file model.txt (compact mmCIF, C-alpha atoms and all ligand atoms)
# COMPACT_ATOMS: atom_id res chain seq x y z
CA MET C 1 111.60 -70.76 71.95
CA LYS C 2 110.65 -67.66 70.09
CA ILE C 3 108.72 -69.63 67.49
CA SER C 4 106.75 -71.53 70.11
CA THR C 5 105.81 -68.40 72.03
CA PHE C 6 104.61 -66.90 68.78
CA PHE C 7 102.37 -69.87 68.06
CA LYS C 8 101.07 -69.74 71.58
CA ALA C 9 100.10 -66.14 71.05
CA ALA C 10 98.53 -67.00 67.72
CA THR C 11 96.44 -69.70 69.33
CA VAL C 12 95.27 -67.62 72.22
CA ILE C 13 94.08 -64.65 70.22
CA LEU C 14 92.12 -65.35 67.09
CA PHE C 15 89.69 -63.03 65.44
CA ALA C 16 86.77 -64.06 63.28
CA GLY C 17 87.12 -63.40 59.60
CA MET C 18 90.89 -63.05 59.51
CA THR C 19 91.80 -66.06 57.48
CA ALA C 20 95.29 -64.80 56.66
CA ALA C 21 95.80 -63.20 60.00
CA VAL C 22 98.84 -63.18 62.22
CA ALA C 23 98.46 -62.82 65.94
CA VAL C 24 97.16 -59.60 67.26
CA PRO C 25 99.27 -58.57 70.24
CA ASN C 26 98.80 -60.34 73.51
CA LEU C 27 99.15 -57.38 75.79
CA ASN C 28 99.98 -59.63 78.72
CA ASN C 29 103.29 -60.56 77.16
CA PRO C 30 105.36 -57.68 75.85
CA VAL C 31 107.69 -60.00 73.92
CA GLU C 32 105.40 -62.32 71.99
CA ASP C 33 103.91 -59.83 69.63
CA HIS C 34 107.29 -58.45 68.61
CA LEU C 35 108.17 -61.50 66.57
CA PRO C 36 106.26 -60.76 63.39
CA VAL C 37 106.33 -57.09 64.03
CA LYS C 38 107.77 -53.96 62.48
CA ARG C 39 108.69 -51.92 65.50
CA GLY C 40 110.39 -48.95 63.94
CA GLY C 41 107.33 -46.77 63.84
CA MET C 42 104.70 -46.15 61.26
CA VAL C 43 104.95 -44.51 57.85
CA VAL C 44 103.09 -41.21 57.56
CA THR C 45 102.44 -39.82 54.11
CA GLY C 46 100.21 -37.23 52.48
CA SER C 47 99.60 -33.64 53.43
CA LEU C 48 98.08 -31.61 56.23
CA TYR C 49 95.54 -30.04 53.88
CA PRO C 50 94.62 -30.62 50.23
CA GLY C 51 97.43 -29.31 48.03
CA GLY C 52 99.87 -28.97 50.94
CA PRO C 53 103.43 -30.29 50.69
CA GLU C 54 103.57 -34.09 50.66
CA VAL C 55 105.52 -35.84 53.38
CA ASN C 56 106.80 -39.38 53.73
CA LEU C 57 108.18 -39.98 57.22
CA THR C 58 108.81 -43.09 59.31
CA GLY C 59 108.79 -43.26 63.08
CA THR C 60 106.60 -42.91 66.11
CA ILE C 61 104.64 -39.67 66.23
CA ASP C 62 106.98 -38.11 68.73
CA GLN C 63 109.92 -38.93 66.44
CA ILE C 64 108.41 -37.58 63.24
CA PHE C 65 106.66 -34.55 64.70
CA PRO C 66 109.73 -32.27 64.58
CA LYS C 67 110.18 -33.14 60.89
CA LEU C 68 106.52 -32.48 60.20
CA LYS C 69 106.86 -29.07 61.83
CA GLN C 70 109.68 -28.21 59.45
CA VAL C 71 107.19 -28.70 56.61
CA TYR C 72 104.16 -27.37 58.49
CA PRO C 73 105.29 -24.86 61.15
CA GLU C 74 101.66 -24.30 62.16
CA LEU C 75 101.28 -27.90 63.30
CA GLU C 76 100.66 -28.19 67.06
CA PRO C 77 99.46 -30.95 69.37
CA VAL C 78 95.67 -30.80 69.72
CA PHE C 79 94.42 -30.97 73.31
CA GLU C 80 90.80 -31.90 73.86
CA PRO C 81 90.03 -32.18 77.56
CA THR C 82 86.43 -33.16 76.81
CA THR C 83 87.73 -36.46 75.44
CA LEU C 84 87.76 -37.74 79.00
CA SER C 85 84.01 -37.63 79.48
CA THR C 86 82.19 -37.35 76.17
CA PRO C 87 83.86 -39.00 73.19
CA ASP C 88 81.59 -39.72 70.22
CA THR C 89 81.39 -43.26 69.03
CA PRO C 90 83.37 -43.11 65.81
CA SER C 91 81.68 -44.33 62.67
CA VAL C 92 84.79 -46.31 61.74
CA VAL C 93 84.26 -48.49 64.78
CA LYS C 94 80.54 -48.80 64.28
CA ARG C 95 81.13 -50.32 60.86
CA ALA C 96 83.48 -52.95 62.24
CA PRO C 97 81.86 -56.38 62.67
CA ALA C 98 84.08 -57.26 65.62
CA ALA C 99 84.29 -53.81 67.09
CA LYS C 100 83.58 -54.64 70.73
CA PRO C 101 86.54 -53.39 72.69
CA THR C 102 88.66 -55.98 74.40
CA CYS C 103 89.97 -54.55 77.62
CA PHE C 104 92.71 -56.31 79.54
CA SER C 105 93.60 -56.31 83.17
CA GLY C 106 97.27 -56.05 84.04
CA ASN C 107 99.66 -53.18 83.50
CA PRO C 108 97.74 -50.38 81.85
CA ALA C 109 99.29 -47.58 79.84
CA ASP C 110 99.90 -44.45 81.85
CA ARG C 111 96.80 -42.34 81.45
CA TYR C 112 98.57 -39.00 81.72
CA VAL C 113 100.95 -39.93 78.89
CA ILE C 114 98.12 -41.17 76.67
CA TYR C 115 95.98 -38.08 77.32
CA ASN C 116 98.68 -35.43 77.22
CA HIS C 117 101.22 -36.80 74.78
CA ALA C 118 99.96 -39.61 72.58
CA LEU C 119 96.45 -38.42 71.71
CA PRO C 120 97.28 -34.74 71.11
CA TYR C 121 99.97 -35.73 68.59
CA LEU C 122 97.68 -38.27 66.95
CA ARG C 123 94.99 -35.59 66.59
CA ALA C 124 97.53 -33.23 65.05
CA ILE C 125 98.36 -35.68 62.25
CA LYS C 126 94.85 -37.01 61.66
CA SER C 127 94.55 -35.61 58.15
CA PHE C 128 97.69 -37.46 56.99
CA THR C 129 97.73 -41.05 55.76
CA CYS C 130 99.08 -43.79 58.02
CA SER C 131 100.46 -47.00 56.52
CA LEU C 132 99.67 -50.24 58.29
CA PRO C 133 102.87 -52.29 58.64
CA SER C 134 103.66 -54.66 55.80
CA GLY C 135 104.32 -58.33 56.53
CA GLY C 136 101.62 -58.49 59.18
CA GLY C 137 102.07 -57.51 62.80
CA CYS C 138 102.10 -54.22 64.57
CA THR C 139 104.00 -50.98 64.64
CA ASN C 140 104.28 -48.22 67.18
CA VAL C 141 102.17 -45.14 66.70
CA TYR C 142 103.37 -43.67 69.96
CA CYS C 143 105.65 -45.19 72.59
CA ALA C 144 106.94 -43.84 75.88
CA PRO C 145 109.20 -45.98 78.09
CA ALA C 146 108.59 -44.34 81.47
CA PRO C 147 105.90 -43.96 82.52
CA ALA C 148 105.13 -46.71 80.05
CA ALA C 149 102.46 -46.01 77.47
CA ASN C 150 102.12 -47.30 73.97
CA ILE C 151 99.66 -47.06 71.10
CA ARG C 152 100.15 -49.60 68.36
CA VAL C 153 98.46 -50.25 65.05
CA CYS C 154 98.38 -53.76 63.64
CA ASN C 155 97.76 -55.22 60.23
CA PRO C 156 96.59 -58.84 59.94
CA TRP C 157 97.59 -59.00 56.27
CA PHE C 158 100.96 -59.28 54.60
CA VAL C 159 100.69 -56.24 52.39
CA THR C 160 100.88 -52.60 53.32
CA ARG C 161 97.51 -50.90 53.59
CA ARG C 162 96.96 -47.18 53.94
CA ILE C 163 94.25 -45.61 56.03
CA PRO C 164 93.63 -42.07 57.25
CA CYS C 165 95.48 -41.48 60.50
CA SER C 166 92.10 -40.25 61.78
CA ALA C 167 90.86 -43.86 61.70
CA ILE C 168 93.57 -44.86 64.17
CA LEU C 169 92.69 -41.87 66.34
CA ASP C 170 88.99 -42.79 66.31
CA VAL C 171 89.68 -46.31 67.53
CA ALA C 172 92.24 -45.18 70.11
CA GLU C 173 89.67 -42.77 71.56
CA VAL C 174 87.20 -45.64 72.03
CA ILE C 175 89.81 -47.71 73.86
CA VAL C 176 90.63 -44.72 76.03
CA LYS C 177 86.96 -44.28 76.85
CA ASP C 178 86.14 -47.94 77.50
CA CYS C 179 89.30 -49.53 78.88
CA VAL C 180 90.25 -47.62 81.98
CA ASP C 181 91.84 -49.95 84.49
CA GLY C 182 93.06 -50.03 88.05
CA PRO C 183 93.46 -47.42 90.79
CA GLN C 184 95.66 -45.25 88.56
CA LYS C 185 92.98 -45.32 85.85
CA GLY C 186 95.46 -46.54 83.28
CA ILE C 187 94.36 -47.64 79.82
CA ARG C 188 94.73 -51.08 78.31
CA GLY C 189 92.88 -52.72 75.47
CA GLN C 190 92.64 -53.40 71.79
CA ILE C 191 89.96 -53.16 69.14
CA ASN C 192 89.50 -54.73 65.74
CA ALA C 193 88.25 -52.16 63.30
CA VAL C 194 87.54 -51.76 59.61
CA TYR C 195 88.12 -48.71 57.48
CA ASN C 196 86.75 -48.88 53.95
CA GLY C 197 87.10 -52.67 53.92
CA ILE C 198 90.60 -52.58 55.41
CA ARG C 199 90.88 -54.43 58.69
CA PHE C 200 93.24 -53.17 61.32
CA GLN C 201 93.71 -53.26 65.07
CA VAL C 202 94.64 -50.58 67.53
CA ALA C 203 96.11 -51.53 70.89
CA ILE C 204 96.99 -49.42 73.92
CA GLY C 205 99.22 -50.91 76.58
CA THR C 206 102.69 -50.89 78.03
CA THR C 207 104.69 -52.87 75.50
CA VAL C 208 108.35 -51.92 75.57
CA CYS C 209 109.52 -49.42 72.98
CA LEU C 210 111.93 -50.85 70.46
CA ASP C 211 113.62 -48.72 67.88
CA SER C 212 115.02 -49.45 64.46
CA GLY C 213 118.35 -50.46 66.02
CA SER C 214 116.78 -53.48 67.66
CA PRO C 215 117.46 -56.92 66.15
CA LEU C 216 113.71 -57.52 66.41
CA PHE C 217 113.00 -54.65 64.08
CA GLY C 218 111.79 -56.12 60.80
CA GLY C 219 112.83 -53.17 58.64
C1 LIG C 301 107.63 -43.38 51.04
O1 LIG C 301 109.03 -43.62 50.92
C2 LIG C 301 109.34 -44.99 50.80
C3 LIG C 301 110.86 -45.13 50.86
O2 LIG C 301 111.47 -44.29 49.94
C4 LIG C 301 108.74 -45.54 49.52
O3 LIG C 301 109.03 -46.91 49.40
C5 LIG C 301 107.24 -45.35 49.57
O4 LIG C 301 106.66 -45.78 48.36
C6 LIG C 301 106.90 -43.90 49.82
N1 LIG C 301 105.45 -43.79 49.99
C7 LIG C 301 104.71 -42.87 49.38
C8 LIG C 301 103.24 -42.96 49.63
O5 LIG C 301 105.18 -42.02 48.67
call {"tool": "encode", "arguments": {"input": "model.txt", "output": "structure tokens"}}
result
Amino acid sequence: MKISTFFKAATVILFAGMTAAVAVPNLNNPVEDHLPVKRGGMVVTGSLYPGGPEVNLTGTIDQIFPKLKQVYPELEPVFEPTTLSTPDTPSVVKRAPAAKPTCFSGNPADRYVIYNHALPYLRAIKSFTCSLPSGGGCTNVYCAPAPAANIRVCNPWFVTRRIPCSAILDVAEVIVKDCVDGPQKGIRGQINAVYNGIRFQVAIGTTVCLDSGSPLFGG
């Protein structure tokens, strides 16, 4: 059952050029994309500024932020109200061959949560390094259960890759700009991107939040 739903997802969503790829999440089914997935949150390493104390933390941003503040008390969420109307097109997305956003209908992520919780934390950590999950699949960058809102980063390859957290932010901002859906103006979509030759995907949707205690968590 689980295997067959995974193959179904893999068949439905294929991306050019990903010969060793696993399925990128099908946002219409919150279960399918969990199968190959590390759901315990991403690994954040590096420092806030050159020469600053190095961190190595695992979790969603909301989980690791208190620990980051112990190391960097000056760290605060970064609010940018202008994001709503005038985001720049990030160069990281421009370089991606398959960078056209894919926006989905269906249950969008809660816009208020994305604007006021997810993005400000992601901006705050943008100078750190984010590890793409090893073993292929996706991991939560930010996840709120109610109102539901989720930003995920996915890695089509089976080895860990590291990219600046700013690259994830850049792609998330494009999804936020382009994939507004429904009367509540929720946000739902995913983009394939490339940073320095490293392919990755960012998805925003309403996938359920799983933590490291879940049997689906790949460790
Ligand atoms: C972070 O910690 C993990 C677990 O101890 C380790 O495997 C990994 O290599 C560390 N990453 C960096 C960049 O130091």
call {"tool": "closest_atom_pairs", "arguments": {"input": "model.txt", "of": "chain C", "to": "ligand LIG 301 (chain C)", "cutoff": "12 Å", "atoms": "only C-alpha atoms and all ligand atoms", "output": "JSON lines"}}
result
{"residue": "C:Met42", "atom": "CA", "partner": "C:LIG301", "partner_atom": "C1", "distance": 11.0}
{"residue": "C:Val43", "atom": "CA", "partner": "C:LIG301", "partner_atom": "C1", "distance": 7.4}
{"residue": "C:Val44", "atom": "CA", "partner": "C:LIG301", "partner_atom": "C8", "distance": 8.1}
{"residue": "C:Thr45", "atom": "CA", "partner": "C:LIG301", "partner_atom": "C8", "distance": 5.5}
{"residue": "C:Gly46", "atom": "CA", "partner": "C:LIG301", "partner_atom": "C8", "distance": 7.1}
{"residue": "C:Ser47", "atom": "CA", "partner": "C:LIG301", "partner_atom": "C8", "distance": 10.7}
{"residue": "C:Glu54", "atom": "CA", "partner": "C:LIG301", "partner_atom": "O5", "distance": 8.3}
{"residue": "C:Val55", "atom": "CA", "partner": "C:LIG301", "partner_atom": "O5", "distance": 7.8}
{"residue": "C:Asn56", "atom": "CA", "partner": "C:LIG301", "partner_atom": "C1", "distance": 4.9}
{"residue": "C:Leu57", "atom": "CA", "partner": "C:LIG301", "partner_atom": "C1", "distance": 7.1}
{"residue": "C:Thr58", "atom": "CA", "partner": "C:LIG301", "partner_atom": "C1", "distance": 8.4}
{"residue": "C:Phe128", "atom": "CA", "partner": "C:LIG301", "partner_atom": "C8", "distance": 10.7}
{"residue": "C:Thr129", "atom": "CA", "partner": "C:LIG301", "partner_atom": "C8", "distance": 8.5}
{"residue": "C:Cys130", "atom": "CA", "partner": "C:LIG301", "partner_atom": "C8", "distance": 9.4}
{"residue": "C:Ser131", "atom": "CA", "partner": "C:LIG301", "partner_atom": "C8", "distance": 8.5}
{"residue": "C:Leu132", "atom": "CA", "partner": "C:LIG301", "partner_atom": "C8", "distance": 11.9}
{"residue": "C:Ser134", "atom": "CA", "partner": "C:LIG301", "partner_atom": "O3", "distance": 11.4}
{"residue": "C:Thr160", "atom": "CA", "partner": "C:LIG301", "partner_atom": "O4", "distance": 10.2}
{"residue": "C:Arg161", "atom": "CA", "partner": "C:LIG301", "partner_atom": "C8", "distance": 10.6}
{"residue": "C:Arg162", "atom": "CA", "partner": "C:LIG301", "partner_atom": "C8", "distance": 8.7}
{"residue": "C:Ile163", "atom": "CA", "partner": "C:LIG301", "partner_atom": "C8", "distance": 11.3}
{"residue": "C:Gly219", "atom": "CA", "partner": "C:LIG301", "partner_atom": "C3", "distance": 11.4}
call {"tool": "atom_distance", "arguments": {"input": "model.txt", "atom1": "atom CA of Lys177 of chain C", "atom2": "atom CA of Ser127 of chain C"}}
result
22.0 Å
call {"tool": "residues_near_point", "arguments": {"input": "model.txt", "point": "(90.8, -52.4, 64.4)", "cutoff": "7 Å", "atoms": "all atoms listed in the file", "output": "ChimeraX atom specification"}}
result
/C:171,191-194,199-202
call {"tool": "residues_around", "arguments": {"input": "model.txt", "residues": "His117 of chain C", "least_positions_apart": "2", "cutoff": "10 Å", "atoms": "all atoms listed in the file", "output": "PDB file with C-alpha atoms, in the coordinates of the input"}}
result
ATOM      1  CA  ILE C  61     104.640 -39.670  66.230  1.00  0.00           C
ATOM      2  CA  ASP C  62     106.980 -38.110  68.730  1.00  0.00           C
ATOM      3  CA  PRO C  77      99.460 -30.950  69.370  1.00  0.00           C
ATOM      4  CA  VAL C  78      95.670 -30.800  69.720  1.00  0.00           C
ATOM      5  CA  PHE C  79      94.420 -30.970  73.310  1.00  0.00           C
ATOM      6  CA  ARG C 111      96.800 -42.340  81.450  1.00  0.00           C
ATOM      7  CA  TYR C 112      98.570 -39.000  81.720  1.00  0.00           C
ATOM      8  CA  VAL C 113     100.950 -39.930  78.890  1.00  0.00           C
ATOM      9  CA  ILE C 114      98.120 -41.170  76.670  1.00  0.00           C
ATOM     10  CA  TYR C 115      95.980 -38.080  77.320  1.00  0.00           C
ATOM     11  CA  LEU C 119      96.450 -38.420  71.710  1.00  0.00           C
ATOM     12  CA  PRO C 120      97.280 -34.740  71.110  1.00  0.00           C
ATOM     13  CA  TYR C 121      99.970 -35.730  68.590  1.00  0.00           C
ATOM     14  CA  LEU C 122      97.680 -38.270  66.950  1.00  0.00           C
ATOM     15  CA  TYR C 142     103.370 -43.670  69.960  1.00  0.00           C
ATOM     16  CA  CYS C 143     105.650 -45.190  72.590  1.00  0.00           C
ATOM     17  CA  ALA C 144     106.940 -43.840  75.880  1.00  0.00           C
ATOM     18  CA  ALA C 149     102.460 -46.010  77.470  1.00  0.00           C
TER      19      ALA C 149
END
call {"tool": "atom_distance", "arguments": {"input": "model.txt", "atom1": "atom CA of Lys126 of chain C", "atom2": "atom CA of Ser105 of chain C"}}
result
28.9 Å
call {"tool": "closest_residue", "arguments": {"input": "model.txt", "among": "C:Pro156, C:Pro66, C:Gly106, C:Gly59", "to": "Gly189 of chain C", "atoms": "only C-alpha atoms"}}
result
C:Gly106
call {"tool": "atom_distance", "arguments": {"input": "model.txt", "atom1": "atom CA of Arg152 of chain C", "atom2": "atom CA of Arg188 of chain C"}}
result
11.4 Å
call {"tool": "closest_residue", "arguments": {"input": "model.txt", "among": "C:Pro183, C:Pro108, C:Gly136, C:Pro164", "to": "Tyr195 of chain C", "atoms": "only C-alpha atoms"}}
result
C:Pro164
call {"tool": "closest_residue", "arguments": {"input": "model.txt", "among": "C:Gln184, C:Thr60, C:Thr102, C:Asn116", "to": "Ala203 of chain C", "atoms": "only C-alpha atoms"}}
result
C:Thr102
call {"tool": "closest_residue", "arguments": {"input": "model.txt", "among": "C:Val71, C:Ala146, C:Ile64, C:Ile151", "to": "Glu173 of chain C", "atoms": "all atoms listed in the file"}}
result
C:Ile151
call {"tool": "closest_residue", "arguments": {"input": "model.txt", "among": "C:Asn150, C:Asn196, C:Asn140, C:Gln63", "to": "Ala109 of chain C", "atoms": "only C-alpha atoms"}}
result
C:Asn150
call {"tool": "closest_residue", "arguments": {"input": "model.txt", "among": "C:Ile175, C:Thr207, C:Ile187, C:Pro73", "to": "Pro101 of chain C", "atoms": "only C-alpha atoms"}}
result
C:Ile175
call {"tool": "build_atoms", "arguments": {"input": "model.txt", "residues": "segment 173-195 of chain C", "atoms": "N, CA, C and O atoms", "output": "compact mmCIF listing (two decimals), keeping the file's coordinate frame"}}
result
# COMPACT_ATOMS: atom_id res chain seq x y z
N GLU C 173 90.54 -43.53 70.65
CA GLU C 173 89.67 -42.77 71.56
C GLU C 173 88.63 -43.69 72.20
O GLU C 173 88.23 -43.49 73.35
N VAL C 174 88.17 -44.70 71.45
CA VAL C 174 87.20 -45.64 72.03
C VAL C 174 87.87 -46.49 73.11
O VAL C 174 87.29 -46.72 74.18
N ILE C 175 89.09 -46.94 72.85
CA ILE C 175 89.81 -47.71 73.86
C ILE C 175 90.01 -46.86 75.11
O ILE C 175 89.80 -47.31 76.25
N VAL C 176 90.40 -45.63 74.90
CA VAL C 176 90.63 -44.72 76.03
C VAL C 176 89.35 -44.56 76.85
O VAL C 176 89.36 -44.54 78.08
N LYS C 177 88.23 -44.48 76.16
CA LYS C 177 86.96 -44.28 76.85
C LYS C 177 86.56 -45.54 77.61
O LYS C 177 86.07 -45.48 78.74
N ASP C 178 86.74 -46.70 76.98
CA ASP C 178 86.14 -47.94 77.50
C ASP C 178 87.07 -48.77 78.37
O ASP C 178 86.59 -49.61 79.13
N CYS C 179 88.37 -48.59 78.24
CA CYS C 179 89.30 -49.53 78.88
C CYS C 179 90.17 -48.86 79.93
O CYS C 179 91.39 -48.90 79.87
N VAL C 180 89.53 -48.24 80.87
CA VAL C 180 90.25 -47.62 81.98
C VAL C 180 90.37 -48.66 83.08
O VAL C 180 89.42 -49.34 83.41
N ASP C 181 91.57 -48.80 83.63
CA ASP C 181 91.84 -49.95 84.49
C ASP C 181 92.62 -49.54 85.73
O ASP C 181 93.55 -48.74 85.65
N GLY C 182 92.25 -50.11 86.84
CA GLY C 182 93.06 -50.03 88.05
C GLY C 182 92.94 -48.70 88.78
O GLY C 182 92.31 -47.76 88.31
N PRO C 183 93.57 -48.62 89.96
CA PRO C 183 93.46 -47.42 90.79
C PRO C 183 94.06 -46.19 90.12
O PRO C 183 93.63 -45.07 90.39
N GLN C 184 95.05 -46.39 89.25
CA GLN C 184 95.66 -45.25 88.56
C GLN C 184 94.86 -44.84 87.32
O GLN C 184 95.25 -43.94 86.61
N LYS C 185 93.78 -45.57 87.04
CA LYS C 185 92.98 -45.32 85.85
C LYS C 185 93.83 -45.34 84.58
O LYS C 185 93.74 -44.46 83.74
N GLY C 186 94.69 -46.35 84.50
CA GLY C 186 95.46 -46.54 83.28
C GLY C 186 94.58 -47.09 82.17
O GLY C 186 93.40 -47.38 82.38
N ILE C 187 95.14 -47.26 81.00
CA ILE C 187 94.36 -47.64 79.82
C ILE C 187 95.00 -48.85 79.16
O ILE C 187 96.20 -48.85 78.87
N ARG C 188 94.19 -49.86 78.87
CA ARG C 188 94.73 -51.08 78.31
C ARG C 188 93.65 -51.80 77.53
O ARG C 188 92.63 -52.20 78.09
N GLY C 189 93.86 -51.99 76.26
CA GLY C 189 92.88 -52.72 75.47
C GLY C 189 93.22 -52.71 74.01
O GLY C 189 94.21 -52.09 73.58
N GLN C 190 92.43 -53.41 73.24
CA GLN C 190 92.64 -53.40 71.79
C GLN C 190 91.30 -53.60 71.10
O GLN C 190 90.39 -54.21 71.65
N ILE C 191 91.20 -53.08 69.90
CA ILE C 191 89.96 -53.16 69.14
C ILE C 191 90.28 -53.55 67.70
O ILE C 191 91.23 -53.01 67.10
N ASN C 192 89.49 -54.46 67.17
CA ASN C 192 89.50 -54.73 65.74
C ASN C 192 88.61 -53.71 65.07
O ASN C 192 87.49 -53.48 65.52
N ALA C 193 89.07 -53.14 64.00
CA ALA C 193 88.25 -52.16 63.30
C ALA C 193 88.37 -52.37 61.80
O ALA C 193 89.22 -53.13 61.33
N VAL C 194 87.51 -51.69 61.07
CA VAL C 194 87.54 -51.76 59.61
C VAL C 194 87.42 -50.35 59.09
O VAL C 194 86.55 -49.60 59.53
N TYR C 195 88.30 -49.97 58.19
CA TYR C 195 88.12 -48.71 57.48
C TYR C 195 88.04 -49.02 56.00
O TYR C 195 89.00 -49.53 55.42
